[in-house]
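Undergrad: File name target-v2.txt; file contents compact mmCIF, C-alpha atoms and all ligand atoms; full text below.
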```txt
# COMPACT_ATOMS: atom_id res chain seq x y z
CA MET A 1 26.03 8.74 9.39
CA THR A 2 24.86 5.95 11.71
CA GLN A 3 23.92 2.77 9.83
CA VAL A 4 20.25 1.91 10.42
CA ASN A 5 17.73 -0.38 8.76
CA VAL A 6 14.84 2.04 8.56
CA PRO A 7 14.49 4.02 5.32
CA THR A 8 14.86 7.63 6.54
CA ALA A 9 14.34 9.04 3.03
CA GLY A 10 13.30 7.70 -0.34
CA VAL A 11 9.86 6.47 -1.26
CA ALA A 12 10.05 3.49 1.14
CA LEU A 13 9.81 6.05 3.95
CA THR A 14 6.14 6.56 3.07
CA ALA A 15 5.45 3.04 4.38
CA ILE A 16 6.49 4.16 7.87
CA GLY A 17 3.82 6.84 7.75
CA VAL A 18 1.13 4.27 6.99
CA ALA A 19 2.39 2.04 9.83
CA LEU A 20 1.97 5.03 12.16
CA ILE A 21 -1.61 5.38 10.92
CA ARG A 22 -2.39 1.67 11.48
CA GLU A 23 -0.78 1.79 14.91
CA GLN A 24 -2.94 4.77 15.87
CA GLU A 25 -6.10 3.09 14.57
CA SER A 26 -5.31 -0.12 16.44
CA ARG A 27 -5.18 1.79 19.75
CA ARG A 28 -8.72 3.19 19.34
CA PRO A 29 -11.59 1.59 21.23
CA ASP A 30 -13.70 2.02 18.07
CA ARG A 31 -10.95 0.66 15.80
CA LEU A 32 -11.84 -0.34 12.26
CA TYR A 33 -9.14 -3.03 12.23
CA ASP A 34 -6.43 -4.31 14.54
CA ASP A 35 -2.82 -4.41 13.37
CA PRO A 36 -0.77 -5.50 16.39
CA LEU A 37 2.48 -5.54 14.38
CA ALA A 38 2.17 -1.86 13.47
CA SER A 39 3.51 -0.85 16.88
CA ALA A 40 6.55 -3.12 16.38
CA PHE A 41 7.33 -1.30 13.11
CA VAL A 42 6.74 2.13 14.63
CA ASP A 43 8.91 1.41 17.69
CA ALA A 44 11.75 0.04 15.55
CA ALA A 45 11.50 2.95 13.10
CA ARG A 46 11.55 5.54 15.87
CA ARG A 47 14.55 3.84 17.49
CA ASP A 48 16.45 3.87 14.19
CA PHE A 49 15.46 7.40 13.22
CA VAL A 50 16.61 9.08 16.40
CA ARG A 51 20.08 7.52 16.01
CA THR A 52 20.63 9.40 12.74
CA GLU A 53 21.66 12.99 12.10
CA ASN A 54 18.62 15.29 12.54
CA GLY A 55 16.69 12.05 13.09
CA THR A 56 14.51 13.26 15.97
CA ALA A 57 13.31 16.28 13.99
CA ARG A 58 12.66 14.18 10.88
CA TRP A 59 10.81 11.57 12.91
CA GLU A 60 8.55 14.28 14.32
CA ARG A 61 7.85 15.47 10.78
CA VAL A 62 6.92 11.93 9.69
CA GLU A 63 4.56 11.67 12.67
CA ALA A 64 3.02 15.04 11.85
CA VAL A 65 2.38 14.07 8.21
CA ALA A 66 0.89 10.74 9.27
CA GLU A 67 -1.42 12.58 11.62
CA GLN A 68 -2.66 14.80 8.79
CA PHE A 69 -3.44 11.79 6.61
CA PHE A 70 -4.83 9.65 9.43
CA ALA A 71 -8.60 10.12 9.14
CA GLY A 72 -9.05 9.29 5.46
CA ARG A 73 -6.14 6.89 5.04
CA SER A 74 -7.13 4.75 8.01
CA VAL A 75 -10.66 4.33 6.68
CA GLY A 76 -9.04 3.43 3.35
CA VAL A 77 -7.14 0.55 5.02
CA ARG A 78 -10.41 -0.88 6.26
CA LEU A 79 -12.01 -0.57 2.82
CA VAL A 80 -9.12 -2.53 1.32
CA ASP A 81 -9.45 -5.12 4.11
CA ASP A 82 -13.09 -5.53 3.10
CA GLN A 83 -12.14 -5.91 -0.56
CA VAL A 84 -9.58 -8.59 0.34
CA ALA A 85 -12.11 -10.50 2.44
CA ALA A 86 -14.66 -10.30 -0.40
CA ALA A 87 -12.11 -11.50 -2.97
CA VAL A 88 -11.11 -14.47 -0.81
CA ALA A 89 -14.77 -15.32 -0.19
CA ALA A 90 -15.28 -15.22 -3.97
CA GLY A 91 -12.48 -17.75 -4.48
CA CYS A 92 -9.29 -15.70 -5.06
CA ARG A 93 -6.40 -17.64 -3.59
CA GLN A 94 -3.64 -15.27 -4.70
CA ILE A 95 -3.21 -11.77 -3.33
CA VAL A 96 -0.51 -9.51 -4.72
CA LEU A 97 0.41 -6.36 -2.83
CA LEU A 98 2.08 -3.90 -5.22
CA GLY A 99 4.24 -1.71 -3.00
CA ALA A 100 3.30 -3.73 0.10
CA GLY A 101 5.07 -1.45 2.55
CA LEU A 102 4.58 -2.59 6.15
CA ASP A 103 1.28 -4.27 5.37
CA THR A 104 0.52 -7.28 7.59
CA ARG A 105 -2.66 -8.67 6.06
CA ALA A 106 -0.96 -12.07 5.73
CA TYR A 107 -0.77 -12.08 9.54
CA ARG A 108 -3.69 -10.10 10.91
CA MET A 109 -6.73 -10.94 8.79
CA GLY A 110 -6.97 -14.64 9.55
CA LEU A 111 -6.60 -15.46 5.87
CA PRO A 112 -6.82 -19.20 5.18
CA ALA A 113 -3.64 -21.24 4.76
CA ASP A 114 -4.43 -21.99 1.11
CA VAL A 115 -4.21 -18.29 0.25
CA THR A 116 -0.83 -17.00 -0.96
CA VAL A 117 0.12 -13.38 -0.38
CA TYR A 118 2.88 -11.96 -2.57
CA GLU A 119 4.44 -8.79 -1.23
CA LEU A 120 6.36 -6.66 -3.75
CA ASP A 121 8.35 -3.66 -2.62
CA LEU A 122 11.83 -2.17 -2.74
CA PRO A 123 14.76 -4.05 -1.17
CA GLU A 124 15.33 -1.25 1.37
CA LEU A 125 11.77 -1.67 2.63
CA PHE A 126 12.18 -5.38 3.30
CA ALA A 127 15.62 -4.79 4.85
CA PHE A 128 13.68 -3.02 7.59
CA LYS A 129 10.45 -5.05 7.61
CA GLU A 130 11.70 -8.63 7.77
CA PRO A 131 13.98 -8.25 10.82
CA VAL A 132 11.15 -6.56 12.73
CA LEU A 133 8.75 -9.39 11.88
CA ARG A 134 11.35 -11.97 12.92
CA ALA A 135 12.05 -10.18 16.21
CA ALA A 136 8.31 -10.09 16.91
CA GLY A 137 8.08 -13.85 16.27
CA ALA A 138 5.23 -13.17 13.85
CA THR A 139 3.71 -16.08 11.91
CA PRO A 140 1.45 -15.49 8.90
CA THR A 141 -1.81 -17.43 8.66
CA ALA A 142 -1.55 -17.45 4.86
CA GLN A 143 1.41 -18.43 2.68
CA ARG A 144 3.62 -15.37 2.28
CA HIS A 145 6.26 -14.60 -0.34
CA VAL A 146 8.39 -11.47 -0.23
CA LEU A 147 9.78 -10.04 -3.47
CA PRO A 148 12.33 -7.26 -2.91
CA ILE A 149 12.03 -5.63 -6.31
CA ASP A 150 11.56 -2.32 -8.06
CA LEU A 151 8.17 -2.20 -9.78
CA ARG A 152 9.83 -0.28 -12.62
CA THR A 153 11.58 -3.52 -13.61
CA ALA A 154 10.17 -6.74 -15.09
CA TRP A 155 8.62 -7.94 -11.79
CA ALA A 156 6.35 -10.50 -13.44
CA VAL A 157 9.31 -12.84 -13.98
CA PRO A 158 10.31 -13.27 -10.31
CA LEU A 159 6.66 -13.35 -9.33
CA ARG A 160 6.08 -16.39 -11.53
CA GLU A 161 9.32 -17.94 -10.29
CA ARG A 162 7.92 -17.77 -6.75
CA GLY A 163 4.95 -19.89 -7.75
CA PHE A 164 2.41 -17.31 -8.89
CA ARG A 165 -0.19 -18.93 -11.18
CA PRO A 166 -1.55 -16.71 -13.98
CA ASP A 167 -4.31 -19.27 -14.59
CA GLN A 168 -5.75 -18.68 -11.09
CA PRO A 169 -7.79 -15.60 -10.11
CA THR A 170 -5.79 -12.97 -8.23
CA HIS A 171 -6.66 -9.99 -6.09
CA TRP A 172 -4.23 -7.16 -6.91
CA ILE A 173 -3.79 -4.36 -4.39
CA ASP A 174 -2.42 -0.93 -5.16
CA GLU A 175 -2.78 0.90 -1.88
CA GLY A 176 -0.90 4.13 -2.39
CA ALA A 177 2.10 2.75 -4.27
CA LEU A 178 1.65 3.01 -8.03
CA ALA A 179 1.08 6.76 -7.80
CA TYR A 180 4.80 7.03 -7.05
CA LEU A 181 5.79 5.47 -10.36
CA PRO A 182 6.46 7.58 -13.45
CA PRO A 183 3.36 7.50 -15.72
CA GLU A 184 4.79 5.02 -18.23
CA ASP A 185 5.86 2.59 -15.47
CA HIS A 186 2.47 2.96 -13.85
CA ARG A 187 0.73 1.96 -17.06
CA ASP A 188 3.28 -0.81 -17.74
CA THR A 189 2.61 -2.25 -14.29
CA VAL A 190 -1.13 -2.33 -14.84
CA ALA A 191 -0.58 -3.86 -18.30
CA ALA A 192 1.68 -6.52 -16.73
CA LEU A 193 -0.82 -7.43 -14.02
CA THR A 194 -3.57 -7.52 -16.62
CA ALA A 195 -1.57 -10.08 -18.62
CA LEU A 196 -1.26 -12.18 -15.44
CA SER A 197 -4.95 -11.97 -14.51
CA ALA A 198 -7.16 -15.01 -15.01
CA PRO A 199 -10.93 -14.38 -15.29
CA GLY A 200 -12.33 -13.48 -11.88
CA SER A 201 -9.21 -11.51 -10.91
CA ARG A 202 -9.82 -8.22 -9.15
CA PHE A 203 -8.09 -4.86 -9.00
CA GLY A 204 -9.08 -1.67 -7.25
CA LEU A 205 -8.09 1.70 -8.62
CA SER A 206 -8.60 4.79 -6.50
CA ARG A 207 -9.92 7.90 -8.15
CA PHE A 208 -8.91 10.69 -5.82
CA ALA A 209 -8.72 14.39 -6.41
CA VAL A 210 -5.16 14.82 -5.15
CA ASP A 211 -3.52 18.22 -5.19
CA PRO A 212 0.19 17.36 -4.92
CA ASP A 213 0.92 20.90 -3.76
CA ALA A 214 -1.48 20.73 -0.80
CA ALA A 215 0.44 21.01 2.49
CA PRO A 216 0.59 17.35 3.63
CA TYR A 217 1.52 16.07 0.16
CA ALA A 218 4.17 18.75 -0.26
CA GLU A 219 5.72 17.86 3.14
CA LEU A 220 5.59 14.14 2.29
CA ARG A 221 7.42 14.81 -0.97
CA ARG A 222 10.06 16.86 0.88
CA LEU A 223 10.62 14.03 3.39
CA VAL A 224 10.88 11.44 0.61
CA SER A 225 13.39 13.54 -1.31
CA GLY A 226 15.56 14.15 1.77
CA ASP A 227 14.58 17.83 1.51
CA ASP A 228 16.01 18.06 -1.99
CA ASP A 229 13.18 19.42 -4.14
CA ALA A 230 14.90 18.30 -7.34
CA GLN A 231 14.54 14.68 -6.19
CA ALA A 232 10.87 14.95 -5.18
CA PRO A 233 8.91 12.15 -6.81
CA PRO A 234 5.86 12.84 -8.95
CA LEU A 235 2.58 11.91 -7.30
CA ASP A 236 -0.59 10.63 -8.87
CA ALA A 237 0.62 11.19 -12.41
CA GLY A 238 -0.55 9.11 -15.30
CA ARG A 239 -3.04 6.78 -13.68
CA PRO A 240 -4.63 4.37 -16.13
CA ALA A 241 -8.19 5.60 -16.42
CA GLU A 242 -11.32 3.51 -16.12
CA HIS A 243 -11.84 3.38 -19.88
CA TRP A 244 -8.27 2.08 -20.24
CA LEU A 245 -9.10 -0.85 -17.95
CA VAL A 246 -12.28 -1.58 -19.88
CA ALA A 247 -10.34 -1.58 -23.15
CA HIS A 248 -7.94 -4.10 -21.59
CA GLY A 249 -10.64 -6.60 -20.68
CA TRP A 250 -11.74 -5.52 -17.20
CA ARG A 251 -15.35 -4.97 -16.19
CA THR A 252 -15.45 -1.92 -13.92
CA GLU A 253 -17.77 -0.54 -11.31
CA PHE A 254 -17.29 2.86 -9.68
CA ARG A 255 -18.10 3.28 -6.00
CA ALA A 256 -18.16 6.77 -4.53
CA TRP A 257 -16.05 7.24 -1.39
CA ASP A 258 -18.90 8.90 0.49
CA ASP A 259 -21.13 5.87 -0.13
CA MET A 260 -18.45 3.37 0.87
CA ILE A 261 -17.74 5.00 4.23
CA VAL A 262 -21.33 5.35 5.43
CA ALA A 263 -21.33 2.09 7.39
CA LEU A 264 -18.01 2.88 9.11
CA GLY A 265 -19.27 5.85 11.10
CA ARG A 266 -16.27 8.13 10.58
CA ASP A 267 -16.54 11.77 9.64
CA VAL A 268 -14.44 11.60 6.46
CA ALA A 269 -16.90 12.46 3.71
CA VAL A 270 -15.35 14.41 0.82
CA ASN A 271 -18.63 15.64 -0.69
CA ASP A 272 -17.38 14.94 -4.18
CA PRO A 273 -19.25 12.19 -6.03
CA ALA A 274 -16.34 11.79 -8.46
CA VAL A 275 -13.99 10.62 -5.67
CA GLY A 276 -13.99 6.90 -4.99
CA VAL A 277 -12.72 3.57 -6.18
CA VAL A 278 -12.97 1.86 -9.52
CA LEU A 279 -13.40 -1.84 -8.76
CA ALA A 280 -12.32 -3.92 -11.71
CA GLU A 281 -12.94 -7.58 -12.38
CA ARG A 282 -11.28 -9.50 -15.22
CA VAL A 283 -13.74 -11.03 -17.63
C1 LIG B 301 2.53 4.97 0.81
S1 LIG B 301 3.42 3.45 0.91
C2 LIG B 301 2.06 2.31 0.97
C3 LIG B 301 2.48 0.97 1.48
C4 LIG B 301 1.34 -0.03 1.67
N1 LIG B 301 0.63 -0.29 0.43
C5 LIG B 301 0.39 0.44 2.74
O1 LIG B 301 -0.73 0.86 2.41
O2 LIG B 301 0.79 0.42 3.90
C6 LIG B 301 4.04 3.24 -0.77
C7 LIG B 301 4.90 2.01 -0.93
O3 LIG B 301 5.21 1.87 -2.32
C8 LIG B 301 6.53 1.41 -2.42
N2 LIG B 301 7.07 1.77 -3.74
C9 LIG B 301 7.11 2.99 -4.31
N3 LIG B 301 7.74 2.94 -5.49
C10 LIG B 301 8.11 1.66 -5.68
C11 LIG B 301 8.80 0.96 -6.71
N4 LIG B 301 9.27 1.60 -7.77
N5 LIG B 301 8.99 -0.36 -6.58
C12 LIG B 301 8.54 -1.04 -5.49
N6 LIG B 301 7.88 -0.42 -4.47
C13 LIG B 301 7.68 0.89 -4.56
C14 LIG B 301 7.26 2.12 -1.31
O4 LIG B 301 8.49 1.52 -0.98
C15 LIG B 301 6.22 2.07 -0.20
O5 LIG B 301 6.38 0.93 0.61
```
Mind turning this structure into structure tokens?

TA:
Amino acid sequence: MTQVNVPTAGVALTAIGVALIREQESRRPDRLYDDPLASAFVDAARRDFVRTENGTARWERVEAVAEQFFAGRSVGVRLVDDQVAAAVAAGCRQIVLLGAGLDTRAYRMGLPADVTVYELDLPELFAFKEPVLRAAGATPTAQRHVLPIDLRTAWAVPLRERGFRPDQPTHWIDEGALAYLPPEDHRDTVAALTALSAPGSRFGLSRFAVDPDAAPYAELRRLVSGDDDAQAPPLDAGRPAEHWLVAHGWRTEFRAWDDMIVALGRDVAVNDPAVGVVLAERV
């Protein structure tokens, strides 16, 4: 098998799908955000994929899945952008991306230089991401620290070693990553970030009605498992519920997806008032 940097299977592969979505959004005249580095990731990923066995066919499957998720997921990126901007305006100077994937908010949002962005993801993800960023000559506007680490391990230790301050308010982002963790690791991760959250810290928790057997999710799971069903990861299992956050010292507010998207002018309503985001603030 040809040696390539891009993760062609495994959960890190899902980050390529989101880069495809951000690249597509960035090309639209009515774009909701602009991520110029997304095309660098997509081009590098495509180049790597097609050099591997069955790579062209698998690449086309990744593109097809990304296309199916595009409408809702792309709007979701913009909603998280807005939450980041609001958190920074409210004084958060630390942003932690749990399962950062190919996120480039440290580069593209014009975040101030006194903001520190911590990106946590698997080593194989950064083995692909960092060379692409270097080749693109990209420079973040904020401070940026990369932590190649499995969230199922004690990630709080290296985070603190990199300068993270638990006495400062933090904006924590889970944008489609924690759902891949086994339920107990998911809850442990939220407990760990809670312990590191000074008053004023923020955390958004999506409440989506996900059917893991629906066609795009099933195909995503097949791609991640390298077409070995026995290795398919669980999805959306064991999310800490809103009442769990409240019991752990967070004040929560639920915002329905259909209300949040009104101003964005995209036809992505779900017509389910129970679907949305729980916005939590540490008291
Ligand atoms: C669907 S992608 C989302 C990436 C990014 N948040 C975004 O929106 O572009 C999920 C990410 O979670 C990461 N991830 C999943 N399980 C992980 C784990 N156990 N430890 C660290 N990262 C993990 C994957 O590597 C992948 O980058």

Undergrad: Report as JSON the centre and the edge lengths, in Å to one decimal, of the axis-aligned box holding every listed atom of stretch 38-48 of chain A, padded by 3 Å on each side.

TA:
```
{"center_x": 9.3, "center_y": 1.2, "center_z": 15.4, "size_x": 20.3, "size_y": 14.7, "size_z": 10.6}
```

Undergrad: Please write out the residues within 9 Å of ligand LIG 301 (chain B) as an MDAnalysis selection string, counting only C-alpha atoms and all ligand atoms.

TA: chainID A and resid 10:19 21:22 73 76:77 97:104 120:126 148:153 173:182 185

Undergrad: I want to know what sits within 8 Å of stretch 253-269 of chain A, based on only C-alpha atoms, with residues of the same chain fewer than 5 positions away left out; could you give that as a VMD selection string?

TA: chain A and resid 32 71 to 72 75 79 274 to 280

Undergrad: Quick one: of A:Arg27, A:Arg221, A:Arg202, A:Arg93, who's nearest to A:Val62, counting all atoms listed in the file?

TA: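 Among the listed residues, the smallest separation from A:Val62 belongs to A:Arg221.
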
Undergrad: Distance atom CA of A:Tyr107-atom CA of A:Arg134, one decimal place?

TA: 12.6 Å

Undergrad: Calculate how many Å separate atom CA of A:Thr194 from atom CA of A:Leu147, rounding to one decimal.

TA: 18.9 Å

Undergrad: Calculate how many Å separate atom CA of A:Val132 from atom CA of A:Val84, rounding to one decimal.

TA: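 Answer for the atom CA of A:Val132 to atom CA of A:Val84 separation: 24.2 Å.
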
Undergrad: For each of A:Asp272, A:Ala192, A:Arg282, A:Leu20, take the minimum atom-to-atom distance to A:Val246, counting only C-alpha atoms, then give the residue where this is smallest.

TA: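 Of all the options, A:Arg282 lies closest to A:Val246.
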
Undergrad: In terms of the shortest atom-to-atom distance over all atoms listed in the file, which of A:Ser74, A:Val65, A:Glu161, A:Arg222 is closest to A:Arg28?

TA: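 Ranking A:Ser74, A:Val65, A:Glu161, A:Arg222 by distance to A:Arg28, first place goes to A:Ser74.
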
Undergrad: Using all atoms listed in the file, pick whichever of A:Ala9, A:Ala218, A:Leu205, A:Ala191 has the shortest atom-to-atom distance to A:Ala247.

TA: A:Ala191

Undergrad: Which residue is closest to A:Ala135? Choose from A:Ala44, A:Pro7, A:Pro169, A:Arg251 and count all atoms listed in the file.

TA: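 Checking each candidate against A:Ala135, we get A:Ala44 as the closest.
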
Undergrad: Let me make sure I understand: among A:Val96, A:Val88, A:Ala138, A:Ala45, which one has the smallest atom-to-atom distance to A:Asp114 if we use all atoms listed in the file?

TA: A:Val88

Undergrad: Which residues come within 9 Å of A:Gly91, counting all atoms listed in the file, excluding same-chain residues fewer than 4 positions away, as a list in words?

TA: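 The residues satisfying every condition are Ala86, Ala87, Pro169 and Gly200 of chain A.
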